[in-house]
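Reviewing the structure listed below.
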Amino acid sequence: MNKEQSLEVFITCKDHSVSGEEFKLLHDVEYDMLVTFPKPNDADLGTYYESDDYISHTDAKRSLFENMYQWIKSYALRKKVGLVSKLNNGPGELLDIGAGTGDFLVAAKKKRWAVSGTEPNDHAKKLAEQKEISLVLETSNYENEKFDVITMWHVLEHVSNVKNQIEELQRLVKPNGYVVIAVPNFKSYDAHYYKSFWAAYDVPRHLWHFSKTSIQKLFSTQGFKLETIVPMRFDSFYVSLLSEKYQHGKMNFLKALWVGFYSNIKAIHSKEFSSHIYVLKKQ
């Protein structure tokens, strides 16, 4: 029996986007994180992304939801670039892992950052190229480069091996440089409210589900210090809209807005927002 099979089942979720298959989320008590089981092998994992509705691989504005997503994304991009610029005291060398269609790097480039990025999805890479952002397949392409800031915006939950990924971050970031990680938080109120229908579980594309404890523990083993945690308040609304669709077959905007709003209110006291940005400094 492998380690995953020996962990306690936390919840069972369905892939609502592509396959309709069910997956268990197992609780790793040591790291206080959830592990998707069974984990698809690397060769098959790409098939679970084959959907026109996988929004981070598209610039589409076909619906009210997609238009709202793109509007919120534009606002969030300005905040993200402001965050990394403040950390580095101005522009420097920036690597975005899992850059999608390249919009964050476009925004950072306008602020004079020297930008690099990786993206495995061919369609997303082509959209980035149209914006004059050239992306490579993986970080192994950077043999000697070092970066002031490395970002992973809702990407760490997708990687096949978390510990190997953190080792790679340690290799690529400069001494006293920063790694900025954004991930969903399964301890938020909206996760508790929607349970197995919580859209941010997004099995099996999300292989790992993090808490504050798990991020701190995982990164400390590679010499990173957790500097600060920044809430992503808009995520509760976006996730609640999708969760309503998964649970009831349609997006109940008023209900989702209320759940998202209440989740943020609860988080003022619990400090458990729908998603968090973790700022980690290499020691």
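Naming scheme: A, B, ... for chains in displayed order of the structure tokens; residues 1 onward per chain; ligands 1 onward as shown.
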Original post:
Running DSSP on the backbone, which parts of range 38-223 of chain A land in alpha helix (DSSP H), as a VMD selection string?
Top reply: chain A and resid 42 to 45 64 to 88 103 to 110 122 to 129 162 to 172 189 to 194 212 to 220
Subject >> Near-Asp148 in chain A list (6 Å; only C-alpha atoms; drop same-chain fewer than 2 positions) as a list of chain:residue names >> reply: A:Glu93, A:Lys174, A:Gly177
**OP:** Go through A:Val149, A:Ile133, A:Ala124, A:Val259 one by one, measure the shortest atom-to-atom distance of each to Pro91 in chain A using only C-alpha atoms, and give the residue with the smallest value.
**Re:** A:Val149
If we count only C-alpha atoms, what is near range 70-85 of chain A at a cut-off of 6 Å, once residues fewer than 5 positions away on the same chain are taken out, given as an mmCIF file with N, CA and C atoms, in the first residue's frame?
data_model
loop_
_atom_site.group_PDB
_atom_site.id
_atom_site.type_symbol
_atom_site.label_atom_id
_atom_site.label_comp_id
_atom_site.auth_asym_id
_atom_site.auth_seq_id
_atom_site.Cartn_x
_atom_site.Cartn_y
_atom_site.Cartn_z
ATOM 1 N N GLY A 90 11.234 47.695 -7.393
ATOM 2 C CA GLY A 90 11.346 48.087 -8.789
ATOM 3 C C GLY A 90 11.465 46.884 -9.693
ATOM 4 N N PRO A 91 11.561 47.108 -11.008
ATOM 5 C CA PRO A 91 11.623 45.982 -11.953
ATOM 6 C C PRO A 91 12.946 45.245 -11.892
ATOM 7 N N PHE A 104 -0.129 38.314 -17.534
ATOM 8 C CA PHE A 104 0.645 38.850 -16.412
ATOM 9 C C PHE A 104 2.003 39.352 -16.892
ATOM 10 N N ALA A 108 3.637 43.063 -16.696
ATOM 11 C CA ALA A 108 4.930 43.272 -16.044
ATOM 12 C C ALA A 108 5.931 43.908 -17.004
#
Original post:
At what distance in Å, to one decimal, does CA of Phe237 in chain A lie from CA of Ala256 in chain A?
Top reply: 6.3 Å
Original post:
Do you know which residues are at most 10 Å from Glu119 in chain A counting only C-alpha atoms, after dropping those on the same chain fewer than 4 positions away, and could you put them as a ChimeraX atom specification?
Top reply: /A:57,96-102,123-125,128,134-139
Spatial neighbours of Pro38 in chain A, 12 Å, only C-alpha atoms, chain gap at least 5 places, as a compact mmCIF listing (two decimals) with C-alpha atoms, in the first residue's frame:
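What follows is the written file selection35.txt:
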# COMPACT_ATOMS: atom_id res chain seq x y z
CA ASN A 2 1.44 3.39 -0.98
CA LYS A 3 1.26 6.49 1.19
CA GLU A 4 -1.75 7.95 -0.66
CA GLN A 5 -3.82 4.83 -0.06
CA VAL A 9 -10.48 10.25 2.96
CA THR A 12 -15.03 12.65 -2.64
CA CYS A 13 -15.37 15.01 -5.62
CA GLU A 21 -15.10 10.79 -12.99
CA GLU A 22 -14.93 10.74 -9.20
CA PHE A 23 -11.76 11.26 -7.17
CA LYS A 24 -11.02 11.08 -3.47
CA LEU A 25 -9.21 13.84 -1.60
CA LEU A 26 -6.98 12.30 1.04
CA LEU A 45 -3.29 14.21 -17.29
CA VAL A 203 -10.18 17.35 -9.67
CA PRO A 204 -8.06 15.90 -11.15
CA ARG A 205 -6.43 19.01 -12.62
CA HIS A 206 -5.75 20.14 -9.05
CA LEU A 207 -3.58 17.38 -7.64
CA TRP A 208 -2.85 19.12 -4.32
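You will find CA of Gly117 in chain A at 17.7 Å from CA of Glu167 in chain A.
For Leu172 in chain A, the list of residues within 8 Å, based on only C-alpha atoms and with local chain neighbours fewer than 4 positions off taken out, reads A:Tyr142, A:Glu145, A:Lys146, A:Phe147, A:Glu168.
Restricting the calculation to only C-alpha atoms, the smallest distance between Asp190 in chain A and any of A:Tyr262, A:Phe219, A:Tyr178, A:Tyr31 is found for A:Tyr262.
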Original post:
Taking only C-alpha atoms into account, which of A:Ser211, A:Ser270, A:Gln222, A:Asn89 comes nearest Val29 in chain A?
Top reply: A:Ser211
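Here CA of Ser274 in chain A stands at a distance of 15.5 Å from CA of Val155 in chain A.
Using only C-alpha atoms, the nearest neighbour of Asn185 in chain A within the list A:Ser275, A:Asn164, A:Asn264, A:Ser243 is A:Ser275.
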